Structure formats: C-alpha cells, structure tokens
$ cat run38.pdb   # PDB, N, CA and C atoms, pLDDT in the B column
ATOM      1  N   MET E  99      39.252  79.541 -49.244  1.00 56.00           N
ATOM      2  CA  MET E  99      40.288  79.117 -48.318  1.00 56.00           C
ATOM      3  C   MET E  99      39.884  77.847 -47.573  1.00 56.00           C
ATOM      4  N   ALA E 100      38.585  77.611 -47.450  1.00 73.00           N
ATOM      5  CA  ALA E 100      38.123  76.403 -46.768  1.00 73.00           C
ATOM      6  C   ALA E 100      38.557  75.158 -47.525  1.00 73.00           C
ATOM      7  N   ASN E 101      38.605  75.237 -48.853  1.00 89.00           N
ATOM      8  CA  ASN E 101      39.069  74.103 -49.649  1.00 89.00           C
ATOM      9  C   ASN E 101      40.518  73.766 -49.320  1.00 89.00           C
ATOM     10  N   ALA E 102      41.344  74.779 -49.124  1.00 89.00           N
ATOM     11  CA  ALA E 102      42.751  74.552 -48.800  1.00 89.00           C
ATOM     12  C   ALA E 102      42.870  73.773 -47.493  1.00 89.00           C
ATOM     13  N   LYS E 103      42.058  74.114 -46.530  1.00 91.00           N
ATOM     14  CA  LYS E 103      42.085  73.421 -45.238  1.00 91.00           C
ATOM     15  C   LYS E 103      41.675  71.954 -45.407  1.00 91.00           C
ATOM     16  N   LEU E 104      40.669  71.717 -46.230  1.00 93.00           N
ATOM     17  CA  LEU E 104      40.235  70.342 -46.479  1.00 93.00           C
ATOM     18  C   LEU E 104      41.333  69.535 -47.172  1.00 93.00           C
ATOM     19  N   TYR E 105      41.988  70.160 -48.141  1.00 93.00           N
ATOM     20  CA  TYR E 105      43.100  69.486 -48.814  1.00 93.00           C
ATOM     21  C   TYR E 105      44.223  69.159 -47.831  1.00 93.00           C
ATOM     22  N   GLU E 106      44.555  70.120 -46.986  1.00 93.00           N
ATOM     23  CA  GLU E 106      45.615  69.901 -45.997  1.00 93.00           C
ATOM     24  C   GLU E 106      45.280  68.729 -45.082  1.00 93.00           C
ATOM     25  N   GLU E 107      44.034  68.688 -44.617  1.00 93.00           N
ATOM     26  CA  GLU E 107      43.618  67.600 -43.730  1.00 93.00           C
ATOM     27  C   GLU E 107      43.683  66.253 -44.438  1.00 93.00           C
ATOM     28  N   GLN E 108      43.224  66.209 -45.698  1.00 95.00           N
ATOM     29  CA  GLN E 108      43.250  64.960 -46.454  1.00 95.00           C
ATOM     30  C   GLN E 108      44.695  64.512 -46.719  1.00 95.00           C
ATOM     31  N   ILE E 109      45.551  65.455 -47.060  1.00 92.00           N
ATOM     32  CA  ILE E 109      46.965  65.135 -47.298  1.00 92.00           C
ATOM     33  C   ILE E 109      47.602  64.574 -46.028  1.00 92.00           C
ATOM     34  N   LEU E 110      47.331  65.204 -44.892  1.00 93.00           N
ATOM     35  CA  LEU E 110      47.875  64.706 -43.628  1.00 93.00           C
ATOM     36  C   LEU E 110      47.371  63.299 -43.306  1.00 93.00           C
ATOM     37  N   LYS E 111      46.093  63.034 -43.569  1.00 95.00           N
ATOM     38  CA  LYS E 111      45.544  61.697 -43.328  1.00 95.00           C
ATOM     39  C   LYS E 111      46.256  60.663 -44.196  1.00 95.00           C
ATOM     40  N   GLU E 112      46.462  61.005 -45.461  1.00 94.00           N
ATOM     41  CA  GLU E 112      47.124  60.079 -46.376  1.00 94.00           C
ATOM     42  C   GLU E 112      48.562  59.817 -45.943  1.00 94.00           C
ATOM     43  N   ILE E 113      49.266  60.859 -45.533  1.00 93.00           N
ATOM     44  CA  ILE E 113      50.658  60.701 -45.102  1.00 93.00           C
ATOM     45  C   ILE E 113      50.736  59.862 -43.834  1.00 93.00           C
ATOM     46  N   LYS E 114      49.840  60.110 -42.898  1.00 93.00           N
ATOM     47  CA  LYS E 114      49.845  59.341 -41.647  1.00 93.00           C
ATOM     48  C   LYS E 114      49.518  57.869 -41.882  1.00 93.00           C
ATOM     49  N   ALA E 115      48.804  57.570 -42.966  1.00 95.00           N
ATOM     50  CA  ALA E 115      48.439  56.186 -43.263  1.00 95.00           C
ATOM     51  C   ALA E 115      49.582  55.410 -43.920  1.00 95.00           C
ATOM     52  N   LEU E 116      50.602  56.110 -44.359  1.00 93.00           N
ATOM     53  CA  LEU E 116      51.739  55.461 -45.018  1.00 93.00           C
ATOM     54  C   LEU E 116      52.697  54.841 -44.004  1.00 93.00           C
ATOM     55  N   PRO E 117      53.426  53.818 -44.418  1.00 93.00           N
ATOM     56  CA  PRO E 117      54.460  53.282 -43.525  1.00 93.00           C
ATOM     57  C   PRO E 117      55.605  54.297 -43.396  1.00 93.00           C
ATOM     58  N   GLU E 118      56.302  54.237 -42.291  1.00 92.00           N
ATOM     59  CA  GLU E 118      57.372  55.197 -42.008  1.00 92.00           C
ATOM     60  C   GLU E 118      58.448  55.186 -43.091  1.00 92.00           C
ATOM     61  N   GLU E 119      58.685  54.040 -43.707  1.00 92.00           N
ATOM     62  CA  GLU E 119      59.724  53.932 -44.731  1.00 92.00           C
ATOM     63  C   GLU E 119      59.402  54.770 -45.972  1.00 92.00           C
ATOM     64  N   ALA E 120      58.138  55.096 -46.168  1.00 91.00           N
ATOM     65  CA  ALA E 120      57.726  55.853 -47.349  1.00 91.00           C
ATOM     66  C   ALA E 120      57.921  57.355 -47.180  1.00 91.00           C
ATOM     67  N   LEU E 121      58.126  57.816 -45.967  1.00 91.00           N
ATOM     68  CA  LEU E 121      58.179  59.256 -45.712  1.00 91.00           C
ATOM     69  C   LEU E 121      59.299  59.977 -46.462  1.00 91.00           C
ATOM     70  N   PRO E 122      60.525  59.434 -46.562  1.00 90.00           N
ATOM     71  CA  PRO E 122      61.549  60.153 -47.346  1.00 90.00           C
ATOM     72  C   PRO E 122      61.145  60.339 -48.810  1.00 90.00           C
ATOM     73  N   LYS E 123      60.499  59.327 -49.383  1.00 93.00           N
ATOM     74  CA  LYS E 123      60.056  59.432 -50.771  1.00 93.00           C
ATOM     75  C   LYS E 123      58.952  60.474 -50.903  1.00 93.00           C
ATOM     76  N   VAL E 124      58.048  60.509 -49.940  1.00 92.00           N
ATOM     77  CA  VAL E 124      56.970  61.507 -49.959  1.00 92.00           C
ATOM     78  C   VAL E 124      57.562  62.907 -49.891  1.00 92.00           C
ATOM     79  N   LEU E 125      58.559  63.087 -49.050  1.00 92.00           N
ATOM     80  CA  LEU E 125      59.204  64.399 -48.930  1.00 92.00           C
ATOM     81  C   LEU E 125      59.838  64.806 -50.260  1.00 92.00           C
ATOM     82  N   ARG E 126      60.513  63.871 -50.919  1.00 92.00           N
ATOM     83  CA  ARG E 126      61.128  64.193 -52.220  1.00 92.00           C
ATOM     84  C   ARG E 126      60.057  64.564 -53.244  1.00 92.00           C
ATOM     85  N   LEU E 127      58.939  63.857 -53.229  1.00 92.00           N
ATOM     86  CA  LEU E 127      57.859  64.161 -54.174  1.00 92.00           C
ATOM     87  C   LEU E 127      57.262  65.542 -53.904  1.00 92.00           C
ATOM     88  N   ILE E 128      57.066  65.857 -52.653  1.00 91.00           N
ATOM     89  CA  ILE E 128      56.517  67.171 -52.303  1.00 91.00           C
ATOM     90  C   ILE E 128      57.483  68.264 -52.741  1.00 91.00           C
ATOM     91  N   THR E 129      58.772  68.048 -52.516  1.00 90.00           N
ATOM     92  CA  THR E 129      59.782  69.025 -52.931  1.00 90.00           C
ATOM     93  C   THR E 129      59.770  69.201 -54.443  1.00 90.00           C
ATOM     94  N   LEU E 130      59.654  68.095 -55.166  1.00 91.00           N
ATOM     95  CA  LEU E 130      59.609  68.154 -56.629  1.00 91.00           C
ATOM     96  C   LEU E 130      58.388  68.943 -57.104  1.00 91.00           C
ATOM     97  N   VAL E 131      57.240  68.687 -56.521  1.00 90.00           N
ATOM     98  CA  VAL E 131      56.016  69.406 -56.899  1.00 90.00           C
ATOM     99  C   VAL E 131      56.173  70.892 -56.609  1.00 90.00           C
ATOM    100  N   ARG E 132      56.731  71.222 -55.464  1.00 89.00           N
ATOM    101  CA  ARG E 132      56.926  72.637 -55.106  1.00 89.00           C
ATOM    102  C   ARG E 132      57.850  73.319 -56.107  1.00 89.00           C
ATOM    103  N   GLU E 133      58.962  72.657 -56.465  1.00 88.00           N
ATOM    104  CA  GLU E 133      59.904  73.237 -57.416  1.00 88.00           C
ATOM    105  C   GLU E 133      59.250  73.451 -58.779  1.00 88.00           C
ATOM    106  N   GLU E 134      58.465  72.479 -59.232  1.00 87.00           N
ATOM    107  CA  GLU E 134      57.777  72.631 -60.509  1.00 87.00           C
ATOM    108  C   GLU E 134      56.756  73.773 -60.458  1.00 87.00           C
ATOM    109  N   PHE E 135      56.055  73.888 -59.349  1.00 82.00           N
ATOM    110  CA  PHE E 135      55.051  74.938 -59.207  1.00 82.00           C
ATOM    111  C   PHE E 135      55.703  76.311 -59.260  1.00 82.00           C
ATOM    112  N   PHE E 136      56.787  76.496 -58.522  1.00 82.00           N
ATOM    113  CA  PHE E 136      57.446  77.799 -58.503  1.00 82.00           C
ATOM    114  C   PHE E 136      58.143  78.089 -59.825  1.00 82.00           C
ATOM    115  N   ALA E 137      58.589  77.070 -60.531  1.00 77.00           N
ATOM    116  CA  ALA E 137      59.201  77.279 -61.840  1.00 77.00           C
ATOM    117  C   ALA E 137      58.158  77.798 -62.823  1.00 77.00           C
ATOM    118  N   GLN E 138      56.926  77.314 -62.722  1.00 73.00           N
ATOM    119  CA  GLN E 138      55.855  77.792 -63.588  1.00 73.00           C
ATOM    120  C   GLN E 138      55.447  79.213 -63.220  1.00 73.00           C
ATOM    121  N   GLU E 139      55.522  79.532 -61.936  1.00 67.00           N
ATOM    122  CA  GLU E 139      55.139  80.869 -61.474  1.00 67.00           C
ATOM    123  C   GLU E 139      56.127  81.934 -61.912  1.00 67.00           C
ATOM    124  N   ARG E 140      57.410  81.561 -62.002  1.00 66.00           N
ATOM    125  CA  ARG E 140      58.452  82.544 -62.303  1.00 66.00           C
ATOM    126  C   ARG E 140      59.209  82.168 -63.582  1.00 66.00           C
ATOM    127  N   PRO E 141      58.577  82.328 -64.730  1.00 62.00           N
ATOM    128  CA  PRO E 141      59.269  81.968 -65.969  1.00 62.00           C
ATOM    129  C   PRO E 141      60.450  82.878 -66.273  1.00 62.00           C
ATOM    130  N   GLU E 142      60.479  84.076 -65.696  1.00 61.00           N
ATOM    131  CA  GLU E 142      61.610  84.978 -65.958  1.00 61.00           C
ATOM    132  C   GLU E 142      62.922  84.417 -65.418  1.00 61.00           C
ATOM    133  N   LEU E 143      62.853  83.570 -64.395  1.00 55.00           N
ATOM    134  CA  LEU E 143      64.060  82.950 -63.869  1.00 55.00           C
ATOM    135  C   LEU E 143      64.602  81.905 -64.835  1.00 55.00           C
ATOM    136  N   GLN E 144      63.725  81.279 -65.609  1.00 55.00           N
ATOM    137  CA  GLN E 144      64.153  80.275 -66.562  1.00 55.00           C
ATOM    138  C   GLN E 144      64.847  80.899 -67.760  1.00 55.00           C
ATOM    139  N   LYS E 145      64.530  82.145 -68.077  1.00 64.00           N
ATOM    140  CA  LYS E 145      65.101  82.813 -69.235  1.00 64.00           C
ATOM    141  C   LYS E 145      66.538  83.260 -68.998  1.00 64.00           C
ATOM    142  N   MET E 146      66.925  83.435 -67.744  1.00 65.00           N
ATOM    143  CA  MET E 146      68.267  83.888 -67.441  1.00 65.00           C
ATOM    144  C   MET E 146      69.274  82.783 -67.760  1.00 65.00           C
ATOM    145  N   PRO E 147      70.322  83.114 -68.510  1.00 68.00           N
ATOM    146  CA  PRO E 147      71.315  82.076 -68.810  1.00 68.00           C
ATOM    147  C   PRO E 147      72.103  81.724 -67.550  1.00 68.00           C
ATOM    148  N   PRO E 148      72.465  80.465 -67.406  1.00 70.00           N
ATOM    149  CA  PRO E 148      73.232  80.075 -66.226  1.00 70.00           C
ATOM    150  C   PRO E 148      74.626  80.679 -66.267  1.00 70.00           C
ATOM    151  N   LYS E 149      75.191  80.892 -65.091  1.00 75.00           N
ATOM    152  CA  LYS E 149      76.546  81.419 -65.013  1.00 75.00           C
ATOM    153  C   LYS E 149      77.511  80.371 -65.549  1.00 75.00           C
ATOM    154  N   PRO E 150      78.526  80.809 -66.266  1.00 78.00           N
ATOM    155  CA  PRO E 150      79.492  79.829 -66.776  1.00 78.00           C
ATOM    156  C   PRO E 150      80.242  79.157 -65.627  1.00 78.00           C
ATOM    157  N   THR E 151      80.457  77.867 -65.763  1.00 77.00           N
ATOM    158  CA  THR E 151      81.165  77.149 -64.719  1.00 77.00           C
ATOM    159  C   THR E 151      82.666  77.330 -64.900  1.00 77.00           C
ATOM    160  N   SER E 152      83.309  77.420 -63.800  1.00 80.00           N
ATOM    161  CA  SER E 152      84.748  77.600 -63.805  1.00 80.00           C
ATOM    162  C   SER E 152      85.400  76.371 -63.180  1.00 80.00           C
ATOM    163  N   HIS E 153      86.318  75.775 -63.922  1.00 83.00           N
ATOM    164  CA  HIS E 153      87.029  74.603 -63.415  1.00 83.00           C
ATOM    165  C   HIS E 153      87.811  74.959 -62.142  1.00 83.00           C
ATOM    166  N   GLU E 154      88.387  76.135 -62.136  1.00 83.00           N
ATOM    167  CA  GLU E 154      89.165  76.570 -60.970  1.00 83.00           C
ATOM    168  C   GLU E 154      88.269  76.734 -59.745  1.00 83.00           C
ATOM    169  N   LYS E 155      87.095  77.324 -59.952  1.00 82.00           N
ATOM    170  CA  LYS E 155      86.166  77.516 -58.831  1.00 82.00           C
ATOM    171  C   LYS E 155      85.705  76.157 -58.293  1.00 82.00           C
ATOM    172  N   THR E 156      85.441  75.212 -59.187  1.00 79.00           N
ATOM    173  CA  THR E 156      85.045  73.871 -58.763  1.00 79.00           C
ATOM    174  C   THR E 156      86.143  73.229 -57.927  1.00 79.00           C
ATOM    175  N   GLN E 157      87.377  73.351 -58.374  1.00 81.00           N
ATOM    176  CA  GLN E 157      88.502  72.788 -57.621  1.00 81.00           C
ATOM    177  C   GLN E 157      88.606  73.423 -56.235  1.00 81.00           C
ATOM    178  N   GLN E 158      88.413  74.729 -56.160  1.00 81.00           N
ATOM    179  CA  GLN E 158      88.480  75.420 -54.861  1.00 81.00           C
ATOM    180  C   GLN E 158      87.376  74.942 -53.932  1.00 81.00           C
ATOM    181  N   LEU E 159      86.172  74.783 -54.465  1.00 77.00           N
ATOM    182  CA  LEU E 159      85.063  74.318 -53.637  1.00 77.00           C
ATOM    183  C   LEU E 159      85.314  72.909 -53.111  1.00 77.00           C
ATOM    184  N   LEU E 160      85.805  72.034 -53.977  1.00 74.00           N
ATOM    185  CA  LEU E 160      86.088  70.665 -53.551  1.00 74.00           C
ATOM    186  C   LEU E 160      87.211  70.623 -52.524  1.00 74.00           C
ATOM    187  N   ALA E 161      88.223  71.452 -52.715  1.00 78.00           N
ATOM    188  CA  ALA E 161      89.352  71.477 -51.784  1.00 78.00           C
ATOM    189  C   ALA E 161      88.923  72.017 -50.418  1.00 78.00           C
ATOM    190  N   ALA E 162      87.955  72.921 -50.402  1.00 80.00           N
ATOM    191  CA  ALA E 162      87.509  73.524 -49.150  1.00 80.00           C
ATOM    192  C   ALA E 162      86.513  72.640 -48.402  1.00 80.00           C
ATOM    193  N   SER E 163      86.038  71.577 -49.046  1.00 76.00           N
ATOM    194  CA  SER E 163      85.045  70.710 -48.435  1.00 76.00           C
ATOM    195  C   SER E 163      85.619  70.000 -47.215  1.00 76.00           C
ATOM    196  N   LYS E 164      84.857  69.987 -46.139  1.00 76.00           N
ATOM    197  CA  LYS E 164      85.296  69.349 -44.896  1.00 76.00           C
ATOM    198  C   LYS E 164      84.878  67.883 -44.825  1.00 76.00           C
ATOM    199  N   SER E 165      83.977  67.469 -45.719  1.00 78.00           N
ATOM    200  CA  SER E 165      83.481  66.093 -45.690  1.00 78.00           C
ATOM    201  C   SER E 165      83.812  65.406 -47.007  1.00 78.00           C
ATOM    202  N   ASN E 166      83.545  64.127 -47.043  1.00 79.00           N
ATOM    203  CA  ASN E 166      83.790  63.347 -48.252  1.00 79.00           C
ATOM    204  C   ASN E 166      82.556  63.466 -49.143  1.00 79.00           C
ATOM    205  N   TRP E 167      82.582  64.404 -50.064  1.00 71.00           N
ATOM    206  CA  TRP E 167      81.433  64.702 -50.905  1.00 71.00           C
ATOM    207  C   TRP E 167      81.086  63.538 -51.820  1.00 71.00           C
ATOM    208  N   ALA E 168      82.082  62.779 -52.240  1.00 77.00           N
ATOM    209  CA  ALA E 168      81.813  61.638 -53.119  1.00 77.00           C
ATOM    210  C   ALA E 168      80.974  60.588 -52.388  1.00 77.00           C
ATOM    211  N   GLN E 169      81.327  60.310 -51.140  1.00 81.00           N
ATOM    212  CA  GLN E 169      80.559  59.347 -50.357  1.00 81.00           C
ATOM    213  C   GLN E 169      79.147  59.849 -50.104  1.00 81.00           C
ATOM    214  N   GLU E 170      78.989  61.148 -49.893  1.00 80.00           N
ATOM    215  CA  GLU E 170      77.658  61.717 -49.688  1.00 80.00           C
ATOM    216  C   GLU E 170      76.801  61.563 -50.941  1.00 80.00           C
ATOM    217  N   LEU E 171      77.392  61.769 -52.117  1.00 79.00           N
ATOM    218  CA  LEU E 171      76.644  61.594 -53.357  1.00 79.00           C
ATOM    219  C   LEU E 171      76.227  60.140 -53.557  1.00 79.00           C
ATOM    220  N   ILE E 172      77.134  59.228 -53.255  1.00 83.00           N
ATOM    221  CA  ILE E 172      76.819  57.809 -53.388  1.00 83.00           C
ATOM    222  C   ILE E 172      75.683  57.430 -52.450  1.00 83.00           C
ATOM    223  N   ALA E 173      75.746  57.896 -51.209  1.00 82.00           N
ATOM    224  CA  ALA E 173      74.701  57.589 -50.231  1.00 82.00           C
ATOM    225  C   ALA E 173      73.362  58.177 -50.664  1.00 82.00           C
ATOM    226  N   GLU E 174      73.390  59.384 -51.201  1.00 83.00           N
ATOM    227  CA  GLU E 174      72.146  60.018 -51.656  1.00 83.00           C
ATOM    228  C   GLU E 174      71.532  59.226 -52.814  1.00 83.00           C
ATOM    229  N   ARG E 175      72.356  58.768 -53.740  1.00 82.00           N
ATOM    230  CA  ARG E 175      71.843  57.974 -54.865  1.00 82.00           C
ATOM    231  C   ARG E 175      71.284  56.651 -54.380  1.00 82.00           C
ATOM    232  N   GLU E 176      71.951  56.028 -53.416  1.00 81.00           N
ATOM    233  CA  GLU E 176      71.448  54.775 -52.878  1.00 81.00           C
ATOM    234  C   GLU E 176      70.117  54.969 -52.194  1.00 81.00           C
ATOM    235  N   ASP E 177      69.942  56.102 -51.527  1.00 78.00           N
ATOM    236  CA  ASP E 177      68.662  56.400 -50.886  1.00 78.00           C
ATOM    237  C   ASP E 177      67.539  56.482 -51.899  1.00 78.00           C
ATOM    238  N   ARG E 178      67.830  57.000 -53.085  1.00 76.00           N
ATOM    239  CA  ARG E 178      66.818  57.136 -54.124  1.00 76.00           C
ATOM    240  C   ARG E 178      66.389  55.787 -54.668  1.00 76.00           C
ATOM    241  N   LEU E 179      67.312  54.826 -54.650  1.00 69.00           N
ATOM    242  CA  LEU E 179      66.992  53.498 -55.187  1.00 69.00           C
ATOM    243  C   LEU E 179      66.246  52.751 -54.129  1.00 69.00           C
TER
END
$ encode --input "run38.pdb" --output "structure tokens"
Amino acid sequence: MANAKLYEEQILKEIKALPEEALPKVLRLITLVREEFFAQERPELQKMPPKPTSHEKTQQLLAASKSNWAQELIAEREDRL
C-alpha cells in the first residue's frame, strides 16, 4: 500500500506542475484510463448484447430535453480539439 501512496504523491506533483489549461485534458485521460481498467476487470459486462435502440424512444428523449443538445455536442467536440 505504501507504493500506492508514492504513486498518488507523484501524480499530484505532475498535475500541479501542468498549466491550468491542461487540466481538462488530464481529467479526460484519467477518465479514459479508469474506464479501460474497469472494462478489463468486468469482461462479463462486455458479453451482454446492447439493448436495441428505438427510434421512438430517441424522439421522446430529444423532445423532453430542456436544453439545446446539439449545441452542447458541438461545444463538447470543440473542447476536445
């Protein structure tokens, strides 16, 4: 467990040394690593077939949206670039 503490301290030092503009990208990378790690841990979740998508359900979700989802997607993509 002492190794984990050392890793945590080193990771924090590296993050603090980065410019503030890099923090959103670091967060996305950490999230990606976490998702990949948990996907490897739980292969039984990968074997389950996805639920079939329903055009009607999609229309209902979009109609119930209180915000402009298209603009949010565009902004999110721009953030990635």
$ select_by_dssp --input "run38.pdb" --residues "chain E" --states "alpha helix (DSSP H)" --output "JSON, numbers by chain"
{"E": [100, 101, 102, 103, 104, 105, 106, 107, 108, 109, 110, 111, 112, 113, 114, 115, 121, 122, 123, 124, 125, 126, 127, 128, 129, 130, 131, 132, 133, 134, 135, 136, 137, 138, 139, 141, 142, 143, 144, 145, 153, 154, 155, 156, 157, 158, 159, 160, 161, 162, 167, 168, 169, 170, 171, 172, 173, 174, 175, 176, 177, 178]}
$ atom_distance --input "run38.pdb" --atom1 "atom C of E:Ile172" --atom2 "atom N of E:Thr156"
21.4 Å
$ atom_distance --input "run38.pdb" --atom1 "atom CA of E:Leu110" --atom2 "atom CA of E:Val124"
11.5 Å
$ atom_distance --input "run38.pdb" --atom1 "atom CA of E:Glu119" --atom2 "atom CA of E:Glu174"
15.5 Å
$ axis_aligned_box --input "run38.pdb" --around "stretch 132-138 of chain E" --padding-each-side "6 Å" --output "lines of an AutoDock Vina configuration file"
center_x = 57.5
center_y = 75.2
center_z = -59.3
size_x = 16.9
size_y = 20.0
size_z = 20.5
$ resolve_selection --input "run38.pdb" --expression "the PyMOL selection byres (((chain E and resi 177 and name CA) around 12) and name CA)" --output "JSON, numbers by chain"
{"E": [119, 120, 122, 123, 126, 170, 171, 172, 173, 174, 175, 176, 178, 179]}
$ write_last_selection --input "run38.pdb" --atoms "N, CA and C atoms" --output "mmCIF file, in the frame of the given file"
data_model
loop_
_atom_site.group_PDB
_atom_site.id
_atom_site.type_symbol
_atom_site.label_atom_id
_atom_site.label_comp_id
_atom_site.auth_asym_id
_atom_site.auth_seq_id
_atom_site.Cartn_x
_atom_site.Cartn_y
_atom_site.Cartn_z
ATOM 1 N N GLU E 119 58.685 54.040 -43.707
ATOM 2 C CA GLU E 119 59.724 53.932 -44.731
ATOM 3 C C GLU E 119 59.402 54.770 -45.972
ATOM 4 N N ALA E 120 58.138 55.096 -46.168
ATOM 5 C CA ALA E 120 57.726 55.853 -47.349
ATOM 6 C C ALA E 120 57.921 57.355 -47.180
ATOM 7 N N PRO E 122 60.525 59.434 -46.562
ATOM 8 C CA PRO E 122 61.549 60.153 -47.346
ATOM 9 C C PRO E 122 61.145 60.339 -48.810
ATOM 10 N N LYS E 123 60.499 59.327 -49.383
ATOM 11 C CA LYS E 123 60.056 59.432 -50.771
ATOM 12 C C LYS E 123 58.952 60.474 -50.903
ATOM 13 N N ARG E 126 60.513 63.871 -50.919
ATOM 14 C CA ARG E 126 61.128 64.193 -52.220
ATOM 15 C C ARG E 126 60.057 64.564 -53.244
ATOM 16 N N GLU E 170 78.989 61.148 -49.893
ATOM 17 C CA GLU E 170 77.658 61.717 -49.688
ATOM 18 C C GLU E 170 76.801 61.563 -50.941
ATOM 19 N N LEU E 171 77.392 61.769 -52.117
ATOM 20 C CA LEU E 171 76.644 61.594 -53.357
ATOM 21 C C LEU E 171 76.227 60.140 -53.557
ATOM 22 N N ILE E 172 77.134 59.228 -53.255
ATOM 23 C CA ILE E 172 76.819 57.809 -53.388
ATOM 24 C C ILE E 172 75.683 57.430 -52.450
ATOM 25 N N ALA E 173 75.746 57.896 -51.209
ATOM 26 C CA ALA E 173 74.701 57.589 -50.231
ATOM 27 C C ALA E 173 73.362 58.177 -50.664
ATOM 28 N N GLU E 174 73.390 59.384 -51.201
ATOM 29 C CA GLU E 174 72.146 60.018 -51.656
ATOM 30 C C GLU E 174 71.532 59.226 -52.814
ATOM 31 N N ARG E 175 72.356 58.768 -53.740
ATOM 32 C CA ARG E 175 71.843 57.974 -54.865
ATOM 33 C C ARG E 175 71.284 56.651 -54.380
ATOM 34 N N GLU E 176 71.951 56.028 -53.416
ATOM 35 C CA GLU E 176 71.448 54.775 -52.878
ATOM 36 C C GLU E 176 70.117 54.969 -52.194
ATOM 37 N N ARG E 178 67.830 57.000 -53.085
ATOM 38 C CA ARG E 178 66.818 57.136 -54.124
ATOM 39 C C ARG E 178 66.389 55.787 -54.668
ATOM 40 N N LEU E 179 67.312 54.826 -54.650
ATOM 41 C CA LEU E 179 66.992 53.498 -55.187
ATOM 42 C C LEU E 179 66.246 52.751 -54.129
#
$ decode --input "run38.pdb" --residues "stretch 105-151 of chain E" --atoms "C-alpha atoms" --output "JSON list (two decimals), in the first residue's frame"
[["chain", "number", "residue", "atom", "x", "y", "z"],
["E", 105, "TYR", "CA", 2.25, 6.97, -6.87],
["E", 106, "GLU", "CA", -0.51, 9.29, -5.66],
["E", 107, "GLU", "CA", 2.02, 11.86, -4.48],
["E", 108, "GLN", "CA", 3.97, 11.70, -7.75],
["E", 109, "ILE", "CA", 0.78, 12.01, -9.81],
["E", 110, "LEU", "CA", -0.30, 15.05, -7.78],
["E", 111, "LYS", "CA", 3.13, 16.67, -8.26],
["E", 112, "GLU", "CA", 2.94, 16.12, -12.01],
["E", 113, "ILE", "CA", -0.59, 17.53, -12.23],
["E", 114, "LYS", "CA", 0.30, 20.58, -10.16],
["E", 115, "ALA", "CA", 3.25, 21.25, -12.48],
["E", 116, "LEU", "CA", 0.97, 21.44, -15.53],
["E", 117, "PRO", "CA", -0.54, 24.68, -16.79],
["E", 118, "GLU", "CA", -4.19, 25.20, -15.85],
["E", 119, "GLU", "CA", -5.26, 24.84, -19.50],
["E", 120, "ALA", "CA", -4.10, 21.21, -19.48],
["E", 121, "LEU", "CA", -6.34, 20.13, -16.61],
["E", 122, "PRO", "CA", -9.48, 19.32, -18.69],
["E", 123, "LYS", "CA", -7.38, 17.08, -20.93],
["E", 124, "VAL", "CA", -5.81, 15.38, -17.91],
["E", 125, "LEU", "CA", -9.27, 14.72, -16.50],
["E", 126, "ARG", "CA", -10.40, 13.14, -19.78],
["E", 127, "LEU", "CA", -7.29, 10.95, -19.84],
["E", 128, "ILE", "CA", -7.82, 9.81, -16.27],
["E", 129, "THR", "CA", -11.45, 9.01, -17.05],
["E", 130, "LEU", "CA", -10.39, 7.03, -20.13],
["E", 131, "VAL", "CA", -7.84, 5.02, -18.13],
["E", 132, "ARG", "CA", -10.42, 4.30, -15.42],
["E", 133, "GLU", "CA", -12.98, 3.12, -18.00],
["E", 134, "GLU", "CA", -10.43, 0.85, -19.67],
["E", 135, "PHE", "CA", -9.35, -0.57, -16.32],
["E", 136, "PHE", "CA", -12.89, -1.39, -15.22],
["E", 137, "ALA", "CA", -13.72, -2.83, -18.65],
["E", 138, "GLN", "CA", -10.83, -5.28, -18.22],
["E", 139, "GLU", "CA", -11.97, -6.12, -14.70],
["E", 140, "ARG", "CA", -15.53, -6.93, -15.75],
["E", 141, "PRO", "CA", -15.48, -8.81, -19.05],
["E", 142, "GLU", "CA", -18.95, -10.22, -18.35],
["E", 143, "LEU", "CA", -20.38, -6.75, -18.99],
["E", 144, "GLN", "CA", -18.82, -6.74, -22.45],
["E", 145, "LYS", "CA", -20.51, -10.03, -23.36],
["E", 146, "MET", "CA", -24.01, -8.68, -22.79],
["E", 147, "PRO", "CA", -25.60, -7.56, -26.06],
["E", 148, "PRO", "CA", -26.65, -3.91, -26.11],
["E", 149, "LYS", "CA", -30.33, -3.10, -25.87],
["E", 150, "PRO", "CA", -31.89, -2.42, -29.25],
["E", 151, "THR", "CA", -32.33, 1.25, -29.96]]
